[in-house]
>>> print(open('structure-v5.cif').read())   # mmCIF, C-alpha atoms
data_start
loop_
_atom_site.label_atom_id
_atom_site.label_comp_id
_atom_site.auth_asym_id
_atom_site.auth_seq_id
_atom_site.Cartn_x
_atom_site.Cartn_y
_atom_site.Cartn_z
CA PRO X 18 10.22 -135.50 -23.50
CA PRO X 19 6.67 -136.92 -23.72
CA ASN X 20 7.35 -138.95 -26.87
CA VAL X 21 9.76 -141.21 -24.94
CA PHE X 22 7.79 -141.53 -21.68
CA LEU X 23 6.46 -144.97 -22.54
CA SER X 24 9.63 -146.41 -24.08
CA THR X 25 11.68 -145.20 -21.12
CA ALA X 26 9.19 -146.69 -18.67
CA LEU X 27 9.23 -150.02 -20.51
CA SER X 28 13.04 -150.09 -20.46
CA ILE X 29 13.03 -149.45 -16.71
CA LYS X 30 10.46 -152.19 -16.26
CA SER X 31 12.62 -154.57 -18.28
CA VAL X 32 16.06 -153.99 -16.76
CA GLY X 33 15.87 -151.30 -14.07
CA MET X 34 13.67 -152.74 -11.34
CA SER X 35 15.27 -153.12 -7.93
CA HIS X 36 14.96 -156.52 -6.28
CA THR X 37 16.33 -155.43 -2.90
CA GLY X 38 15.30 -151.77 -2.52
CA TYR X 39 12.61 -149.76 -4.27
CA THR X 40 11.83 -148.48 -7.74
CA ARG X 41 10.06 -145.13 -8.21
CA LEU X 42 9.32 -143.57 -11.57
CA ILE X 43 9.31 -139.77 -11.76
CA VAL X 44 7.31 -138.33 -14.64
CA GLU X 45 7.69 -134.64 -15.51
CA LYS X 46 4.95 -132.60 -17.15
CA PRO X 47 3.36 -132.29 -19.67
CA PHE X 48 1.08 -135.15 -18.65
CA GLY X 49 -0.69 -135.18 -21.99
CA HIS X 50 -2.05 -132.46 -24.26
CA ASP X 51 -5.75 -132.91 -23.51
CA LEU X 52 -8.07 -135.41 -21.84
CA LYS X 53 -7.71 -138.04 -24.56
CA SER X 54 -3.88 -137.96 -24.65
CA ALA X 55 -3.68 -137.88 -20.84
CA GLN X 56 -5.95 -140.92 -20.66
CA LYS X 57 -3.75 -142.77 -23.16
CA LEU X 58 -0.57 -141.89 -21.27
CA THR X 59 -2.17 -143.01 -18.02
CA ASN X 60 -3.30 -146.31 -19.52
CA ASP X 61 0.09 -146.96 -21.13
CA LEU X 62 2.02 -146.33 -17.93
CA SER X 63 -0.43 -148.26 -15.74
CA ALA X 64 0.01 -151.30 -17.96
CA SER X 65 3.55 -151.63 -16.58
CA PHE X 66 3.42 -149.73 -13.27
CA ASP X 67 0.67 -149.38 -10.71
CA GLU X 68 0.07 -146.02 -9.05
CA SER X 69 2.41 -146.76 -6.13
CA TYR X 70 5.41 -146.56 -8.48
CA LEU X 71 4.45 -143.31 -10.23
CA TYR X 72 5.44 -139.81 -9.10
CA ARG X 73 4.04 -137.19 -11.50
CA ILE X 74 6.03 -134.15 -10.55
CA ASP X 75 4.76 -130.58 -10.63
CA HIS X 76 7.36 -128.31 -9.09
CA TYR X 77 4.73 -125.93 -7.73
CA LEU X 78 3.83 -128.59 -5.16
CA GLY X 79 7.38 -128.25 -3.84
CA LYS X 80 7.31 -124.49 -3.31
CA GLU X 81 7.44 -123.27 0.28
CA MET X 82 4.23 -121.26 0.21
CA VAL X 83 2.25 -124.00 -1.55
CA GLN X 84 3.39 -126.55 1.03
CA ASN X 85 2.50 -124.06 3.74
CA LEU X 86 -1.14 -123.91 2.62
CA LEU X 87 -2.20 -127.02 4.51
CA VAL X 88 -0.53 -125.97 7.75
CA MET X 89 -2.00 -122.47 7.51
CA ARG X 90 -5.51 -123.75 6.82
CA PHE X 91 -5.68 -126.56 9.34
CA GLY X 92 -3.10 -125.53 11.94
CA ASN X 93 -4.81 -122.25 12.83
CA ILE X 94 -8.28 -122.13 14.32
CA LEU X 95 -9.09 -118.69 12.87
CA PHE X 96 -9.10 -119.71 9.18
CA GLU X 97 -11.25 -122.82 8.77
CA PRO X 98 -14.45 -121.32 10.30
CA VAL X 99 -14.40 -118.52 7.68
CA TRP X 100 -13.09 -120.63 4.80
CA SER X 101 -16.33 -120.78 2.82
CA ARG X 102 -18.91 -118.90 0.78
CA ASP X 103 -20.28 -117.37 3.99
CA TYR X 104 -17.26 -115.11 4.44
CA ILE X 105 -15.20 -115.22 1.20
CA SER X 106 -16.34 -113.20 -1.81
CA SER X 107 -13.68 -114.26 -4.35
CA VAL X 108 -10.27 -115.85 -4.76
CA ILE X 109 -7.74 -114.67 -7.35
CA PHE X 110 -4.82 -116.79 -8.59
CA THR X 111 -2.18 -114.72 -10.38
CA PHE X 112 0.84 -115.82 -12.39
CA LYS X 113 2.87 -113.13 -14.16
CA GLU X 114 6.19 -113.34 -15.99
CA ASP X 115 8.09 -110.25 -17.06
CA PHE X 116 9.65 -111.95 -20.11
CA GLY X 117 8.31 -113.52 -23.27
CA THR X 118 9.29 -116.67 -25.14
CA GLU X 119 12.48 -114.99 -26.44
CA GLY X 120 13.50 -117.65 -28.93
CA ARG X 121 11.96 -120.55 -27.02
CA GLY X 122 8.53 -120.39 -28.62
CA GLY X 123 8.69 -123.83 -30.22
CA TYR X 124 7.59 -125.64 -27.08
CA PHE X 125 5.31 -122.92 -25.74
CA ASP X 126 3.36 -122.55 -28.98
CA LYS X 127 2.26 -126.18 -28.76
CA SER X 128 0.88 -125.64 -25.27
CA GLY X 129 -0.03 -122.02 -24.51
CA ILE X 130 -0.50 -120.35 -21.16
CA ILE X 131 -3.57 -122.38 -20.14
CA ARG X 132 -1.82 -125.74 -20.56
CA ASP X 133 1.57 -124.51 -19.41
CA VAL X 134 0.48 -122.75 -16.21
CA ILE X 135 -3.21 -122.75 -15.34
CA GLN X 136 -4.18 -126.39 -15.91
CA ASN X 137 -1.31 -127.68 -13.77
CA HIS X 138 0.58 -125.20 -11.54
CA LEU X 139 -2.32 -122.97 -10.53
CA MET X 140 -4.77 -125.86 -10.30
CA GLN X 141 -2.51 -127.52 -7.73
CA VAL X 142 -2.71 -124.40 -5.57
CA PHE X 143 -6.45 -124.17 -6.22
CA SER X 144 -7.17 -127.73 -5.09
CA LEU X 145 -5.16 -127.37 -1.86
CA LEU X 146 -6.91 -124.11 -1.06
CA THR X 147 -10.46 -125.31 -1.76
CA MET X 148 -10.49 -128.99 -0.74
CA ALA X 149 -12.35 -130.21 2.34
CA PRO X 150 -10.24 -131.03 5.41
CA PRO X 151 -8.52 -134.40 4.88
CA VAL X 152 -8.36 -136.97 7.67
CA LYS X 153 -4.60 -136.36 8.02
CA ILE X 154 -1.95 -134.06 6.59
CA SER X 155 0.97 -135.99 8.08
CA GLY X 156 1.72 -139.44 9.43
CA ASP X 157 0.91 -142.85 8.02
CA ASP X 158 -1.14 -142.95 4.80
CA TYR X 159 -1.78 -139.22 4.79
CA SER X 160 -0.95 -139.08 1.07
CA VAL X 161 -4.14 -141.02 0.33
CA TYR X 162 -6.32 -138.64 2.33
CA VAL X 163 -4.84 -135.45 0.84
CA ARG X 164 -5.09 -136.68 -2.74
CA ASN X 165 -8.63 -137.97 -2.21
CA ALA X 166 -9.69 -134.54 -0.95
CA LYS X 167 -8.12 -132.82 -3.97
CA VAL X 168 -9.95 -135.07 -6.42
CA GLU X 169 -13.28 -134.58 -4.63
CA VAL X 170 -13.23 -130.81 -5.08
CA LEU X 171 -12.18 -131.09 -8.74
CA LYS X 172 -15.20 -133.29 -9.37
CA CYS X 173 -17.45 -130.43 -8.19
CA ILE X 174 -16.25 -127.85 -10.73
CA ALA X 175 -18.87 -126.61 -13.18
CA PRO X 176 -18.08 -126.44 -16.92
CA ILE X 177 -16.17 -123.28 -17.77
CA ASN X 178 -18.38 -120.47 -19.07
CA PHE X 179 -16.66 -119.25 -22.25
CA TYR X 180 -18.11 -115.78 -21.65
CA GLU X 181 -15.93 -115.61 -18.52
CA VAL X 182 -12.70 -116.22 -20.46
CA VAL X 183 -10.33 -113.65 -21.97
CA ILE X 184 -7.26 -114.66 -23.97
CA GLY X 185 -4.60 -112.70 -25.82
CA GLN X 186 -1.04 -112.46 -27.07
CA TYR X 187 1.59 -109.92 -26.10
CA SER X 188 2.72 -107.50 -28.80
CA THR X 189 5.83 -105.41 -29.32
CA ASP X 190 6.18 -102.85 -26.54
CA GLU X 191 6.16 -99.09 -27.04
CA THR X 192 9.96 -98.86 -27.07
CA GLY X 193 10.34 -101.60 -29.67
CA LYS X 194 12.93 -103.34 -27.51
CA ARG X 195 10.72 -106.26 -26.55
CA LEU X 196 9.32 -107.95 -29.63
CA GLY X 197 5.82 -109.33 -29.74
CA TYR X 198 5.00 -113.02 -29.61
CA LEU X 199 4.49 -113.32 -33.37
CA GLN X 200 7.83 -111.60 -33.99
CA ASP X 201 9.63 -114.48 -32.25
CA GLU X 202 11.30 -116.47 -35.07
CA THR X 203 10.45 -119.75 -33.32
CA VAL X 204 6.70 -118.98 -33.38
CA PRO X 205 4.52 -119.57 -36.50
CA ASN X 206 3.38 -116.33 -38.11
CA ASP X 207 -0.27 -117.32 -37.90
CA SER X 208 -0.18 -118.65 -34.33
CA LEU X 209 -3.31 -118.16 -32.22
CA THR X 210 -1.73 -119.63 -29.08
CA PRO X 211 -2.63 -117.47 -26.06
CA THR X 212 0.20 -116.02 -24.00
CA PHE X 213 -2.31 -114.48 -21.59
CA ALA X 214 -5.54 -115.86 -20.17
CA THR X 215 -7.99 -115.00 -17.46
CA LEU X 216 -10.87 -117.30 -16.62
CA VAL X 217 -13.30 -118.14 -13.84
CA LEU X 218 -13.94 -121.49 -12.17
CA ARG X 219 -16.97 -122.17 -9.97
CA ILE X 220 -17.38 -125.01 -7.48
CA ASN X 221 -20.80 -126.57 -7.07
CA ASN X 222 -20.64 -127.68 -3.46
CA ARG X 223 -21.92 -126.50 -0.10
CA ARG X 224 -18.67 -124.79 0.90
CA TRP X 225 -18.01 -122.76 -2.26
CA ASP X 226 -21.26 -122.32 -4.19
CA GLY X 227 -21.38 -118.81 -5.69
CA VAL X 228 -17.72 -117.90 -5.08
CA PRO X 229 -15.77 -117.02 -8.27
CA PHE X 230 -12.23 -118.39 -8.50
CA ILE X 231 -10.43 -116.10 -10.91
CA PHE X 232 -7.27 -117.21 -12.71
CA LYS X 233 -4.91 -114.75 -14.38
CA ALA X 234 -1.73 -115.89 -16.12
CA GLY X 235 0.51 -114.37 -18.76
CA LYS X 236 3.94 -113.79 -20.20
CA ALA X 237 5.72 -110.50 -21.00
CA LEU X 238 3.78 -108.58 -18.36
CA ASN X 239 4.86 -105.74 -16.10
CA GLU X 240 6.37 -107.87 -13.32
CA ARG X 241 7.24 -111.37 -12.14
CA LYS X 242 4.75 -112.56 -9.55
CA ALA X 243 2.76 -115.59 -8.46
CA GLU X 244 0.25 -115.20 -5.65
CA VAL X 245 -3.15 -116.18 -4.27
CA ARG X 246 -5.45 -113.44 -3.02
CA VAL X 247 -8.41 -114.45 -0.83
CA GLN X 248 -10.85 -111.55 -0.62
CA PHE X 249 -13.36 -111.62 2.21
CA LYS X 250 -16.81 -110.08 2.19
CA GLN X 251 -17.60 -106.57 3.32
CA PRO X 252 -18.13 -106.30 7.09
CA PRO X 253 -21.92 -106.23 7.54
CA GLY X 254 -23.31 -102.87 8.57
CA SER X 255 -19.92 -101.19 8.30
CA SER X 256 -21.11 -98.25 6.19
CA PHE X 257 -23.71 -97.25 8.79
CA MET X 258 -21.47 -98.05 11.73
CA PHE X 259 -18.65 -95.80 10.48
CA ALA X 260 -20.95 -93.01 9.24
CA GLY X 261 -20.35 -93.74 5.57
CA ALA X 262 -16.56 -94.04 5.85
CA ASP X 263 -15.03 -96.64 3.54
CA CYS X 264 -14.25 -99.92 5.32
CA PRO X 265 -11.99 -101.93 2.97
CA ARG X 266 -12.42 -105.68 2.73
CA ASN X 267 -10.02 -108.02 4.47
CA GLU X 268 -7.65 -109.93 2.20
CA LEU X 269 -5.31 -112.83 2.83
CA VAL X 270 -2.47 -112.81 0.30
CA MET X 271 -0.03 -115.68 -0.14
CA ARG X 272 2.86 -114.83 -2.44
CA VAL X 273 4.55 -117.85 -4.00
CA GLN X 274 7.24 -115.89 -5.83
CA PRO X 275 9.31 -113.79 -5.62
CA ASP X 276 9.99 -113.09 -1.93
CA THR X 277 7.80 -115.76 -0.36
CA SER X 278 5.39 -114.11 2.04
CA THR X 279 1.95 -114.13 3.62
CA TYR X 280 0.13 -111.01 4.67
CA LEU X 281 -3.33 -110.23 6.00
CA LYS X 282 -4.94 -106.94 5.11
CA MET X 283 -7.02 -105.76 8.03
CA ASN X 284 -8.57 -102.53 9.23
CA ILE X 285 -7.30 -100.50 12.14
CA LYS X 286 -8.14 -97.07 13.51
CA ALA X 287 -6.49 -94.25 11.59
CA PRO X 288 -3.74 -92.69 13.75
CA GLY X 289 -4.69 -89.47 15.49
CA LEU X 290 -8.00 -88.09 16.67
CA ARG X 291 -10.33 -89.69 14.09
CA ASN X 292 -11.99 -93.10 14.24
CA ASP X 293 -12.01 -93.82 10.52
CA PRO X 294 -10.94 -97.36 9.52
CA LEU X 295 -7.57 -97.59 7.81
CA GLN X 296 -6.29 -100.69 6.04
CA SER X 297 -2.95 -102.03 7.19
CA GLU X 298 -1.08 -105.34 6.86
CA MET X 299 0.12 -108.07 9.17
CA ASP X 300 3.11 -109.19 7.14
CA LEU X 301 5.16 -112.39 7.24
CA THR X 302 7.94 -112.11 4.68
CA TYR X 303 10.02 -115.24 4.99
CA ASN X 304 13.49 -113.87 4.24
CA GLU X 305 12.95 -111.16 6.87
CA ARG X 306 11.37 -113.32 9.58
CA TYR X 307 13.65 -116.32 8.97
CA PRO X 308 16.83 -114.84 7.43
CA ASN X 309 19.01 -117.84 8.27
CA ALA X 310 16.55 -120.62 7.46
CA TYR X 311 17.48 -123.12 4.77
CA ASN X 312 14.79 -122.96 2.11
CA PRO X 313 15.57 -125.51 -0.63
CA ASP X 314 14.22 -125.14 -4.13
CA ALA X 315 11.10 -127.00 -5.18
CA TYR X 316 12.81 -129.85 -7.01
CA THR X 317 15.12 -130.54 -4.08
CA ARG X 318 12.10 -130.96 -1.82
CA LEU X 319 10.25 -133.15 -4.29
CA ILE X 320 13.16 -135.48 -5.04
CA LEU X 321 13.54 -135.97 -1.28
CA GLU X 322 9.84 -136.83 -1.03
CA VAL X 323 10.30 -139.42 -3.80
CA MET X 324 13.07 -141.04 -1.79
CA ARG X 325 10.81 -141.01 1.28
CA GLY X 326 7.97 -142.55 -0.70
CA ASN X 327 5.61 -139.66 0.11
CA GLN X 328 3.13 -139.29 -2.75
CA ALA X 329 1.00 -136.48 -1.26
CA VAL X 330 2.93 -133.84 -3.22
CA PHE X 331 2.59 -135.66 -6.53
CA VAL X 332 -0.29 -135.86 -8.98
CA ARG X 333 -2.41 -139.01 -8.96
CA SER X 334 -3.96 -140.29 -12.20
CA ASP X 335 -7.58 -139.51 -11.29
CA GLU X 336 -6.61 -135.96 -10.28
CA LEU X 337 -4.79 -135.50 -13.58
CA LEU X 338 -7.77 -136.68 -15.62
CA ALA X 339 -10.24 -134.60 -13.58
CA SER X 340 -8.20 -131.47 -14.32
CA TRP X 341 -8.01 -132.23 -18.04
CA GLU X 342 -11.76 -132.86 -18.09
CA ILE X 343 -12.28 -129.30 -16.86
CA PHE X 344 -10.03 -127.60 -19.41
CA THR X 345 -10.24 -129.73 -22.55
CA PRO X 346 -13.58 -128.27 -23.79
CA LEU X 347 -12.16 -124.73 -23.48
CA LEU X 348 -8.93 -125.66 -25.24
CA GLU X 349 -10.83 -127.31 -28.08
CA ALA X 350 -13.02 -124.22 -28.47
CA ILE X 351 -9.95 -121.96 -28.63
CA GLU X 352 -8.21 -124.14 -31.17
#
>>> encode(input="structure-v5.cif", output="structure tokens")
Amino acid sequence: PPNVFLSTALSIKSVGMSHTGYTRLIVEKPFGHDLKSAQKLTNDLSASFDESYLYRIDHYLGKEMVQNLLVMRFGNILFEPVWSRDYISSVIFTFKEDFGTEGRGGYFDKSGIIRDVIQNHLMQVFSLLTMAPPVKISGDDYSVYVRNAKVEVLKCIAPINFYEVVIGQYSTDETGKRLGYLQDETVPNDSLTPTFATLVLRINNRRWDGVPFIFKAGKALNERKAEVRVQFKQPPGSSFMFAGADCPRNELVMRVQPDTSTYLKMNIKAPGLRNDPLQSEMDLTYNERYPNAYNPDAYTRLILEVMRGNQAVFVRSDELLASWEIFTPLLEAIE
């Protein structure tokens, strides 16, 4: 728990340092409660350990689809030329859980959905999707290049417009079987902690200026799903070209969970004698395409990367503080 981070680190520094091998300190979230507390935690830890020892773990960085983002973006020539404001109209990050706190509201009520999901998990996906191409994504010292690129894009984010934020709490459902958030005995009766939030981030740089990045996250919703949906612009002149027939926009969807998959929505000719465009999907569902592949869970991957000394999939201090700088004003306004 966060209240023993420092004392545990000091004990390791005192008696747990290896003199023949290596020492690596894994720190699990939450990495602070706001910018001020994150800065204090960073300063306290850095007084005993420099950044090379620290591995701030966010399990989303160990998920198959999140790790696949870099290979998809930079290993395929067709994506990077259109990966900008010139061709992309919006990007939607979605996180949905089909269950509530259910007796575990003590921890959640102190954080809320923005701290618990958006500020960390979804922001990791966001930074990998929007960052400029790093010098390397594998090989010697590639961790430095990837993490530098992530921080650079975070530094370009405009202050959140409060008029582009919606928050709420789930209530008892129509059947009465699922109790509302305030009916959870572990939640204070007067709690204003959001269990749902949607907000918009905007990046002030040449690549992304004008593109809204929409975040949606909530508990006790209609399904369990985490995905990224990249929506491209309307094909120019399509309405005239197809005599007014609807030409749906292309979308690239990367589903993190469940059923890891990537699919591209594209238009084809409708079967038969007509030439109307019809939207279809090029689908890569991992458990169908690679049914026998070993796909370890996120923590297994990340612990292995700690042993390898690969810090690219861990959160650096300046990235952590840049993220808190974005969200702290909103959190303070809500509270």
>>> resolve_selection(input="structure-v5.cif", expression="the PyMOL selection byres ((chain X and resi 285) around 8)", output="PDB file with C-alpha atoms, keeping the file's coordinate frame")
ATOM      1  CA  MET X 283      -7.020-105.760   8.030  1.00  0.00           C
ATOM      2  CA  ASN X 284      -8.570-102.530   9.230  1.00  0.00           C
ATOM      3  CA  LYS X 286      -8.140 -97.070  13.510  1.00  0.00           C
ATOM      4  CA  ALA X 287      -6.490 -94.250  11.590  1.00  0.00           C
ATOM      5  CA  PRO X 294     -10.940 -97.360   9.520  1.00  0.00           C
ATOM      6  CA  LEU X 295      -7.570 -97.590   7.810  1.00  0.00           C
ATOM      7  CA  GLN X 296      -6.290-100.690   6.040  1.00  0.00           C
ATOM      8  CA  SER X 297      -2.950-102.030   7.190  1.00  0.00           C
TER       9      SER X 297
END
>>> residues_near_point(input="structure-v5.cif", point="(-9.5, -139.9, -21.5)", cutoff="12 Å", atoms="only C-alpha atoms", output="number ranges by chain")
X: 48-61, 334-335, 337-343, 345
>>> resolve_selection(input="structure-v5.cif", expression="the PyMOL selection byres ((chain X and resi 87) around 12)", output="ChimeraX atom specification")
/X:78,81-86,88-93,96-97,142-151,153-155,163,166-167,329-330
>>> closest_atom_pairs(input="structure-v5.cif", of="range 292-352 of chain X", to="range 27-45 of chain X", cutoff="9 Å", atoms="all atoms listed in the file", output="CSV")
residue,atom,partner,partner_atom,distance
X:Ile320,CA,X:Ile43,CA,8.9
X:Val323,CA,X:Arg41,CA,7.2
X:Met324,CA,X:Arg41,CA,8.2
X:Gly326,CA,X:Arg41,CA,8.2
>>> closest_residue(input="structure-v5.cif", among="X:Pro229, X:Pro253, X:Pro205, X:Pro288", to="Ile174 in chain X", atoms="only C-alpha atoms")
X:Pro229
>>> closest_residue(input="structure-v5.cif", among="X:Cys264, X:Val217, X:Ala237, X:Met299", to="Phe116 in chain X", atoms="only C-alpha atoms")
X:Ala237
>>> closest_residue(input="structure-v5.cif", among="X:Gly79, X:Pro98, X:Pro265, X:Gly122", to="Pro252 in chain X", atoms="only C-alpha atoms")
X:Pro265
>>> resolve_selection(input="structure-v5.cif", expression="the PyMOL selection byres ((chain X and resi 231) around 8)", output="PyMOL selection string")
chain X and resi 107-110+215-218+229-230+232-233
>>> closest_residue(input="structure-v5.cif", among="X:Glu336, X:Asp207, X:Glu68, X:Gln186", to="Val170 in chain X", atoms="all atoms listed in the file")
X:Glu336
>>> residues_around(input="structure-v5.cif", residues="range 302-319 of chain X", least_positions_apart="3", cutoff="6 Å", atoms="all atoms listed in the file", output="PyMOL selection string")
chain X and resi 76+79-80+277-278+322
>>> residues_near_point(input="structure-v5.cif", point="(2.1, -113.4, 3.7)", cutoff="7 Å", atoms="only C-alpha atoms", output="list in words")
Val270, Met271, Arg272, Ser278, Thr279, Tyr280, Leu281, Asp300, Leu301 and Thr302 of chain X
>>> axis_aligned_box(input="structure-v5.cif", around="range 62-73 of chain X", padding_each_side="4 Å", output="lines of an AutoDock Vina configuration file")
center_x = 2.5
center_y = -144.4
center_z = -12.0
size_x = 13.9
size_y = 22.4
size_z = 19.8
